[in-house]
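> So here's work_17.pdb (PDB, C-alpha atoms).
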```
ATOM      1  CA  MET A   1     114.743  34.135 105.269
ATOM      2  CA  ARG A   2     116.792  36.096 107.791
ATOM      3  CA  PHE A   3     114.591  35.156 110.692
ATOM      4  CA  ALA A   4     112.759  31.837 110.595
ATOM      5  CA  PRO A   5     109.808  31.226 112.942
ATOM      6  CA  PRO A   6     110.406  28.985 115.940
ATOM      7  CA  PRO A   7     109.351  25.322 115.684
ATOM      8  CA  GLY A   8     105.554  25.221 115.621
ATOM      9  CA  GLY A   9     105.296  28.936 114.978
ATOM     10  CA  THR A  10     104.078  30.755 111.896
ATOM     11  CA  SER A  11     105.853  34.064 112.388
ATOM     12  CA  PHE A  12     109.060  35.232 114.007
ATOM     13  CA  PHE A  13     106.867  37.138 116.429
ATOM     14  CA  ASP A  14     106.136  33.729 117.973
ATOM     15  CA  TYR A  15     109.542  34.042 119.628
ATOM     16  CA  SER A  16     107.982  36.617 121.936
ATOM     17  CA  PRO A  17     104.469  35.254 122.515
ATOM     18  CA  ASP A  18     103.445  37.588 125.334
ATOM     19  CA  VAL A  19     104.320  40.673 123.300
ATOM     20  CA  PHE A  20     102.705  39.189 120.181
ATOM     21  CA  ARG A  21      99.517  38.475 122.122
ATOM     22  CA  ALA A  22      99.416  42.044 123.430
ATOM     23  CA  PHE A  23     100.024  43.384 119.921
ATOM     24  CA  ASN A  24      97.158  41.332 118.540
ATOM     25  CA  VAL A  25      94.790  42.683 121.193
ATOM     26  CA  VAL A  26      95.636  46.234 120.090
ATOM     27  CA  TYR A  27      95.244  45.285 116.429
ATOM     28  CA  GLY A  28      91.897  43.663 117.106
ATOM     29  CA  ARG A  29      90.625  46.700 118.997
ATOM     30  CA  LEU A  30      91.569  48.977 116.122
ATOM     31  CA  TRP A  31      89.567  46.821 113.727
ATOM     32  CA  SER A  32      86.539  46.143 115.897
ATOM     33  CA  GLU A  33      86.054  49.419 117.763
ATOM     34  CA  GLY A  34      85.713  53.099 116.935
ATOM     35  CA  SER A  35      83.402  55.047 114.666
ATOM     36  CA  LEU A  36      85.222  54.368 111.393
ATOM     37  CA  ASP A  37      83.752  51.543 109.322
ATOM     38  CA  GLN A  38      85.878  48.502 108.497
ATOM     39  CA  PRO A  39      85.909  48.989 104.700
ATOM     40  CA  THR A  40      87.470  52.416 105.170
ATOM     41  CA  LYS A  41      90.013  50.954 107.564
ATOM     42  CA  GLU A  42      90.839  48.300 104.988
ATOM     43  CA  VAL A  43      91.396  50.950 102.322
ATOM     44  CA  ALA A  44      93.797  52.705 104.677
ATOM     45  CA  ARG A  45      95.561  49.440 105.467
ATOM     46  CA  LEU A  46      95.971  48.601 101.781
ATOM     47  CA  ARG A  47      97.187  52.088 100.958
ATOM     48  CA  ASN A  48      99.718  51.925 103.763
ATOM     49  CA  ALA A  49     100.884  48.463 102.716
ATOM     50  CA  ARG A  50     101.419  49.679  99.154
ATOM     51  CA  ALA A  51     103.243  52.800 100.311
ATOM     52  CA  VAL A  52     105.790  50.754 102.238
ATOM     53  CA  ASP A  53     105.836  47.919  99.682
ATOM     54  CA  CYS A  54     104.509  45.330 102.108
ATOM     55  CA  GLY A  55     103.133  42.186 100.519
ATOM     56  CA  ILE A  56     100.575  41.478 103.244
TER      57      ILE A  56
ATOM     58  CA  MET B   1     101.474  63.276 127.521
ATOM     59  CA  VAL B   2      99.737  66.564 126.770
ATOM     60  CA  PHE B   3      99.649  67.782 123.199
ATOM     61  CA  SER B   4      97.510  70.050 121.057
ATOM     62  CA  THR B   5      95.418  68.386 118.422
ATOM     63  CA  TRP B   6      93.060  69.199 115.591
ATOM     64  CA  LEU B   7      90.844  66.290 116.621
ATOM     65  CA  PRO B   8      87.386  67.228 117.914
ATOM     66  CA  VAL B   9      88.080  66.196 121.496
ATOM     67  CA  GLU B  10      87.078  67.933 124.704
ATOM     68  CA  LEU B  11      89.652  70.141 126.393
ATOM     69  CA  GLY B  12      91.965  67.805 128.300
ATOM     70  CA  GLY B  13      90.245  64.730 126.901
ATOM     71  CA  GLU B  14      92.052  61.459 126.254
ATOM     72  CA  VAL B  15      92.498  60.893 122.524
ATOM     73  CA  LEU B  16      92.734  57.135 122.911
ATOM     74  CA  ASP B  17      89.278  57.063 124.496
ATOM     75  CA  LEU B  18      87.893  57.727 121.021
ATOM     76  CA  ILE B  19      88.416  54.019 120.320
ATOM     77  CA  PRO B  20      86.880  51.954 123.151
ATOM     78  CA  GLY B  21      89.411  49.616 124.683
ATOM     79  CA  ALA B  22      92.266  50.709 122.421
ATOM     80  CA  GLY B  23      94.018  52.813 125.031
ATOM     81  CA  GLU B  24      94.019  50.053 127.608
ATOM     82  CA  ALA B  25      95.270  47.511 125.073
ATOM     83  CA  LEU B  26      97.982  49.830 123.803
ATOM     84  CA  ARG B  27      99.182  50.551 127.326
ATOM     85  CA  GLU B  28      99.362  46.815 128.040
ATOM     86  CA  LEU B  29     101.359  46.253 124.855
ATOM     87  CA  TYR B  30     103.687  49.109 125.712
ATOM     88  CA  ALA B  31     104.276  47.785 129.218
ATOM     89  CA  SER B  32     104.932  44.275 127.900
ATOM     90  CA  LEU B  33     107.757  45.581 125.702
ATOM     91  CA  TRP B  34     109.796  46.520 128.747
ATOM     92  CA  ASP B  35     109.397  43.063 130.309
ATOM     93  CA  ALA B  36     110.296  41.026 127.233
ATOM     94  CA  GLY B  37     113.987  40.451 127.885
ATOM     95  CA  VAL B  38     115.522  43.412 126.079
ATOM     96  CA  ASP B  39     117.679  45.816 128.084
ATOM     97  CA  PRO B  40     115.486  48.855 128.837
ATOM     98  CA  ALA B  41     118.427  51.127 128.022
ATOM     99  CA  VAL B  42     118.496  49.667 124.508
ATOM    100  CA  LEU B  43     114.753  50.203 124.132
ATOM    101  CA  ASP B  44     115.043  53.766 125.391
ATOM    102  CA  ALA B  45     117.843  54.518 122.917
ATOM    103  CA  CYS B  46     115.724  53.110 120.084
ATOM    104  CA  ARG B  47     112.690  55.121 121.142
ATOM    105  CA  THR B  48     114.753  58.299 121.276
ATOM    106  CA  ALA B  49     116.268  57.626 117.849
ATOM    107  CA  ILE B  50     112.858  56.946 116.321
ATOM    108  CA  GLU B  51     111.259  60.062 117.779
ATOM    109  CA  SER B  52     114.220  62.071 116.569
ATOM    110  CA  ALA B  53     113.983  60.621 113.058
ATOM    111  CA  ILE B  54     110.280  61.416 112.906
ATOM    112  CA  GLY B  55     110.918  64.850 114.326
ATOM    113  CA  THR B  56     109.058  64.726 117.586
ATOM    114  CA  ARG B  57     112.127  65.206 119.787
ATOM    115  CA  PRO B  58     115.744  66.416 119.475
ATOM    116  CA  HIS B  59     118.467  63.793 119.596
ATOM    117  CA  ASP B  60     122.236  63.835 119.772
ATOM    118  CA  GLY B  61     122.826  60.306 118.507
ATOM    119  CA  ALA B  62     123.938  57.118 120.239
ATOM    120  CA  ARG B  63     127.517  58.238 120.778
ATOM    121  CA  GLY B  64     129.257  56.285 123.492
ATOM    122  CA  ALA B  65     126.682  53.517 123.460
ATOM    123  CA  ASP B  66     127.787  49.895 123.412
ATOM    124  CA  ALA B  67     127.798  47.863 120.216
ATOM    125  CA  ALA B  68     124.456  46.198 120.922
ATOM    126  CA  THR B  69     122.744  49.541 121.468
ATOM    127  CA  GLN B  70     124.344  51.019 118.373
ATOM    128  CA  ALA B  71     123.171  48.064 116.273
ATOM    129  CA  ALA B  72     119.640  48.404 117.643
ATOM    130  CA  VAL B  73     119.597  52.157 117.042
ATOM    131  CA  MET B  74     120.791  51.747 113.454
ATOM    132  CA  PHE B  75     118.069  49.150 112.919
ATOM    133  CA  SER B  76     115.508  51.554 114.383
ATOM    134  CA  GLU B  77     116.562  54.432 112.160
ATOM    135  CA  GLN B  78     116.522  52.234 109.071
ATOM    136  CA  TYR B  79     113.070  50.956 110.029
ATOM    137  CA  VAL B  80     111.757  54.519 110.142
ATOM    138  CA  VAL B  81     113.312  55.567 106.852
ATOM    139  CA  ASP B  82     112.809  52.377 104.811
ATOM    140  CA  ALA B  83     112.293  48.978 106.402
ATOM    141  CA  HIS B  84     113.276  47.248 103.165
ATOM    142  CA  GLY B  85     116.661  48.935 103.395
ATOM    143  CA  VAL B  86     117.822  46.768 106.285
ATOM    144  CA  THR B  87     120.896  45.001 104.950
ATOM    145  CA  ASP B  88     122.075  41.444 105.463
ATOM    146  CA  ALA B  89     125.039  42.887 107.352
ATOM    147  CA  GLN B  90     122.731  44.786 109.702
ATOM    148  CA  ALA B  91     120.652  41.665 110.292
ATOM    149  CA  ALA B  92     123.763  39.608 110.984
ATOM    150  CA  GLY B  93     124.990  42.286 113.378
ATOM    151  CA  LEU B  94     121.723  42.171 115.287
ATOM    152  CA  HIS B  95     121.979  38.397 115.601
ATOM    153  CA  GLU B  96     125.432  38.835 117.133
ATOM    154  CA  HIS B  97     124.044  40.897 119.984
ATOM    155  CA  PHE B  98     120.494  39.640 120.506
ATOM    156  CA  THR B  99     118.752  36.285 120.753
ATOM    157  CA  ASP B 100     115.798  35.419 118.523
ATOM    158  CA  ASP B 101     113.431  36.074 121.428
ATOM    159  CA  GLN B 102     114.969  39.485 122.001
ATOM    160  CA  LEU B 103     114.866  40.376 118.302
ATOM    161  CA  ALA B 104     111.178  39.558 118.101
ATOM    162  CA  ALA B 105     110.480  41.800 121.089
ATOM    163  CA  LEU B 106     112.850  44.510 119.855
ATOM    164  CA  THR B 107     111.223  44.615 116.425
ATOM    165  CA  THR B 108     107.755  44.885 117.950
ATOM    166  CA  ALA B 109     109.011  47.626 120.249
ATOM    167  CA  ILE B 110     110.459  49.553 117.314
ATOM    168  CA  ALA B 111     107.195  49.201 115.405
ATOM    169  CA  THR B 112     105.267  50.445 118.444
ATOM    170  CA  PHE B 113     107.576  53.416 119.053
ATOM    171  CA  ASP B 114     107.394  54.301 115.363
ATOM    172  CA  ALA B 115     103.604  54.102 115.306
ATOM    173  CA  LEU B 116     103.182  56.195 118.440
ATOM    174  CA  ALA B 117     105.503  58.913 117.170
ATOM    175  CA  ARG B 118     103.822  59.032 113.768
ATOM    176  CA  VAL B 119     100.303  59.111 115.206
ATOM    177  CA  ARG B 120     101.219  61.936 117.549
ATOM    178  CA  ALA B 121     102.901  63.843 114.729
ATOM    179  CA  VAL B 122      99.931  63.557 112.406
ATOM    180  CA  LEU B 123      97.359  64.425 115.086
ATOM    181  CA  ALA B 124      99.239  67.385 116.523
ATOM    182  CA  ALA B 125      98.329  70.930 115.585
ATOM    183  CA  ALA B 126      99.764  74.157 116.939
ATOM    184  CA  GLY B 127      96.929  76.078 118.534
ATOM    185  CA  GLY B 128      94.712  73.011 118.616
ATOM    186  CA  THR B 129      92.809  71.621 121.566
ATOM    187  CA  PRO B 130      95.075  70.597 124.472
ATOM    188  CA  ALA B 131      94.431  66.896 124.978
ATOM    189  CA  MET B 132      95.983  63.776 126.471
ATOM    190  CA  PHE B 133      97.605  60.852 124.682
ATOM    191  CA  THR B 134      98.500  58.604 127.573
ATOM    192  CA  VAL B 135     100.630  55.533 126.921
ATOM    193  CA  GLU B 136     104.153  55.664 128.332
ATOM    194  CA  GLU B 137     103.330  57.204 131.674
ATOM    195  CA  ALA B 138     100.408  54.898 132.444
TER     196      ALA B 138
END
```
Would you write out, as structure tokens, the structure that this file holds?

Amino acid sequence: MRFAPPPGGTSFFDYSPDVFRAFNVVYGRLWSEGSLDQPTKEVARLRNARAVDCGI
Amino acid sequence: MVFSTWLPVELGGEVLDLIPGAGEALRELYASLWDAGVDPAVLDACRTAIESAIGTRPHDGARGADAATQAAVMFSEQYVVDAHGVTDAQAAGLHEHFTDDQLAALTTAIATFDALARVRAVLAAAGGTPAMFTVEEA
């Protein structure tokens, strides 16, 4: 791995916790708010992940 | 930022208001990027390079920039084109110029700049409804 998480962390984003926290608030809003249902959002997320070959 | 969109928004409306709370959260994320220990000039160069690569602004390259900025800009451009294409040499170069804390913030900043540019590009439409997409200037 090019970039190991810090001790006690699970992701390299844990090196910048304030930014990571702010990112997660945005991500949560996108999932929990708006008129689009969550299954459709999940289809879009999966399609995007496949398009960029992301394993998540 | 004012842009014309195909979205069914009111004239002059704020696009981000279509998702309750998303605009506020995005603006807080964006502001946090500039206070996370990365030189704002580096972030600005990355943002410019990303918007240029996506086609939302002209760009004349990072000529004359220092080595750290050039490494960050190359990383940004590779991220836009193909994130898997980042080489071990590029990663090692980034570690020469930035701490782990800075790289975490820089990578999140690049992802945010990329997302904003792509969203604006896909929502824009010549002759569409003039609307607001307020993030940077908030």
> Give me, as a ChimeraX atom specification, the residues of chain A touching chain B, with the criterion being at most 7 Å (counting only C-alpha atoms).
/A:12-13,15-16,19,22-23,25-26,29-30,33-34
> Which residues are near B:Ala72? Cut-off 10 Å, all atoms listed in the file, ignore same chain within fewer than 6 positions. Put them as an MDAnalysis selection string.
chainID B and resid 42:43 45:46 49 78 90 93:94 97:98 103 106:107 110
> Excluding B:Leu11 and any residue of its chain fewer than 3 positions from it, enumerate the residues within 6 Å of it, using all atoms listed in the file, and give them as an MDAnalysis selection string.
chainID B and resid 129:131
> Could you take the residues named above and write them with C-alpha atoms, as a PDB file, in the coordinates of the input?

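Once written, part_7.pdb looks like this:
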```pdb
ATOM      1  CA  THR B 129      92.809  71.621 121.566  1.00  0.00           C
ATOM      2  CA  PRO B 130      95.075  70.597 124.472  1.00  0.00           C
ATOM      3  CA  ALA B 131      94.431  66.896 124.978  1.00  0.00           C
TER       4      ALA B 131
END
```
> If you measure from atom CA of B:Val73 to atom CA of B:Arg47, what distance in Å do you get, rounded to one decimal?
8.6 Å
> At what distance in Å, to one decimal, does atom CA of B:Ala124 lie from atom CA of B:Met74?
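Rounded to one decimal, the two atoms are 26.8 Å apart.
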> Hey, can you check how far atom CA of B:Ala41 sits from atom CA of B:Ala65?
9.7 Å
> My list of candidates is B:Asp39, B:Val9, B:Phe113, B:Ala67. Which is closest to B:Glu96 when distances are computed with only C-alpha atoms?
B:Ala67
> Spell out the residues picked by the PyMOL selection byres ((chain B and resi 115-119) around 10) here, as a ChimeraX atom specification.
/B:26,47,50-57,80,109-114,120-124,133,135-136
> Hey, could you pull the box centre and edge lengths for stretch 16-25 of chain B, axis-aligned, 8 Å padding per side, all listed atoms, to one decimal in Å, as lines of an AutoDock Vina configuration file?

```
center_x = 91.1
center_y = 52.6
center_z = 124.0
size_x = 24.4
size_y = 26.2
size_z = 23.3
```
> For stretch 18-50 of chain A, supply N, CA and C atoms and format the output as a short mmCIF file (atom, residue, chain, number, x, y, z; two decimals), in the frame of the given file.

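Written output follows (result_2.cif):
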```cif
data_model
loop_
_atom_site.label_atom_id
_atom_site.label_comp_id
_atom_site.auth_asym_id
_atom_site.auth_seq_id
_atom_site.Cartn_x
_atom_site.Cartn_y
_atom_site.Cartn_z
N ASP A 18 104.20 36.65 124.50
CA ASP A 18 103.44 37.59 125.33
C ASP A 18 103.28 38.94 124.63
N VAL A 19 104.38 39.41 124.03
CA VAL A 19 104.32 40.67 123.30
C VAL A 19 103.42 40.53 122.08
N PHE A 20 103.52 39.41 121.38
CA PHE A 20 102.70 39.19 120.18
C PHE A 20 101.23 39.17 120.55
N ARG A 21 100.91 38.53 121.67
CA ARG A 21 99.52 38.48 122.12
C ARG A 21 99.01 39.89 122.42
N ALA A 22 99.82 40.67 123.10
CA ALA A 22 99.42 42.04 123.43
C ALA A 22 99.25 42.88 122.16
N PHE A 23 100.14 42.67 121.20
CA PHE A 23 100.02 43.38 119.92
C PHE A 23 98.71 43.04 119.23
N ASN A 24 98.37 41.76 119.23
CA ASN A 24 97.16 41.33 118.54
C ASN A 24 95.89 41.86 119.21
N VAL A 25 95.94 42.08 120.52
CA VAL A 25 94.79 42.68 121.19
C VAL A 25 94.60 44.12 120.70
N VAL A 26 95.72 44.86 120.60
CA VAL A 26 95.64 46.23 120.09
C VAL A 26 95.09 46.22 118.66
N TYR A 27 95.65 45.35 117.84
CA TYR A 27 95.24 45.28 116.43
C TYR A 27 93.75 44.96 116.31
N GLY A 28 93.31 44.03 117.13
CA GLY A 28 91.90 43.66 117.11
C GLY A 28 90.99 44.81 117.53
N ARG A 29 91.42 45.54 118.55
CA ARG A 29 90.62 46.70 119.00
C ARG A 29 90.50 47.73 117.88
N LEU A 30 91.60 47.97 117.19
CA LEU A 30 91.57 48.98 116.12
C LEU A 30 90.60 48.57 115.01
N TRP A 31 90.48 47.28 114.77
CA TRP A 31 89.57 46.82 113.73
C TRP A 31 88.13 46.75 114.19
N SER A 32 87.91 46.42 115.45
CA SER A 32 86.54 46.14 115.90
C SER A 32 85.86 47.31 116.60
N GLU A 33 86.63 48.31 117.01
CA GLU A 33 86.05 49.42 117.76
C GLU A 33 86.25 50.74 117.02
N GLY A 34 85.58 51.78 117.55
CA GLY A 34 85.71 53.10 116.94
C GLY A 34 84.61 53.37 115.93
N SER A 35 84.52 54.63 115.52
CA SER A 35 83.40 55.05 114.67
C SER A 35 83.67 54.83 113.18
N LEU A 36 84.90 54.56 112.81
CA LEU A 36 85.22 54.37 111.39
C LEU A 36 84.84 52.96 110.95
N ASP A 37 84.18 52.86 109.79
CA ASP A 37 83.75 51.54 109.32
C ASP A 37 84.95 50.72 108.84
N GLN A 38 84.77 49.39 108.85
CA GLN A 38 85.88 48.50 108.50
C GLN A 38 86.33 48.62 107.04
N PRO A 39 85.41 48.82 106.08
CA PRO A 39 85.91 48.99 104.70
C PRO A 39 86.86 50.18 104.55
N THR A 40 86.57 51.26 105.24
CA THR A 40 87.47 52.42 105.17
C THR A 40 88.82 52.10 105.82
N LYS A 41 88.75 51.37 106.94
CA LYS A 41 90.01 50.95 107.56
C LYS A 41 90.82 50.07 106.62
N GLU A 42 90.13 49.20 105.90
CA GLU A 42 90.84 48.30 104.99
C GLU A 42 91.48 49.08 103.85
N VAL A 43 90.80 50.10 103.36
CA VAL A 43 91.40 50.95 102.32
C VAL A 43 92.68 51.60 102.86
N ALA A 44 92.61 52.09 104.07
CA ALA A 44 93.80 52.70 104.68
C ALA A 44 94.91 51.68 104.85
N ARG A 45 94.54 50.48 105.28
CA ARG A 45 95.56 49.44 105.47
C ARG A 45 96.23 49.10 104.14
N LEU A 46 95.41 48.93 103.09
CA LEU A 46 95.97 48.60 101.78
C LEU A 46 96.87 49.71 101.26
N ARG A 47 96.40 50.95 101.44
CA ARG A 47 97.19 52.09 100.96
C ARG A 47 98.53 52.16 101.68
N ASN A 48 98.49 51.92 102.97
CA ASN A 48 99.72 51.92 103.76
C ASN A 48 100.64 50.80 103.33
N ALA A 49 100.07 49.61 103.13
CA ALA A 49 100.88 48.46 102.72
C ALA A 49 101.55 48.73 101.36
N ARG A 50 100.83 49.37 100.46
CA ARG A 50 101.42 49.68 99.15
C ARG A 50 102.51 50.74 99.30
#
```
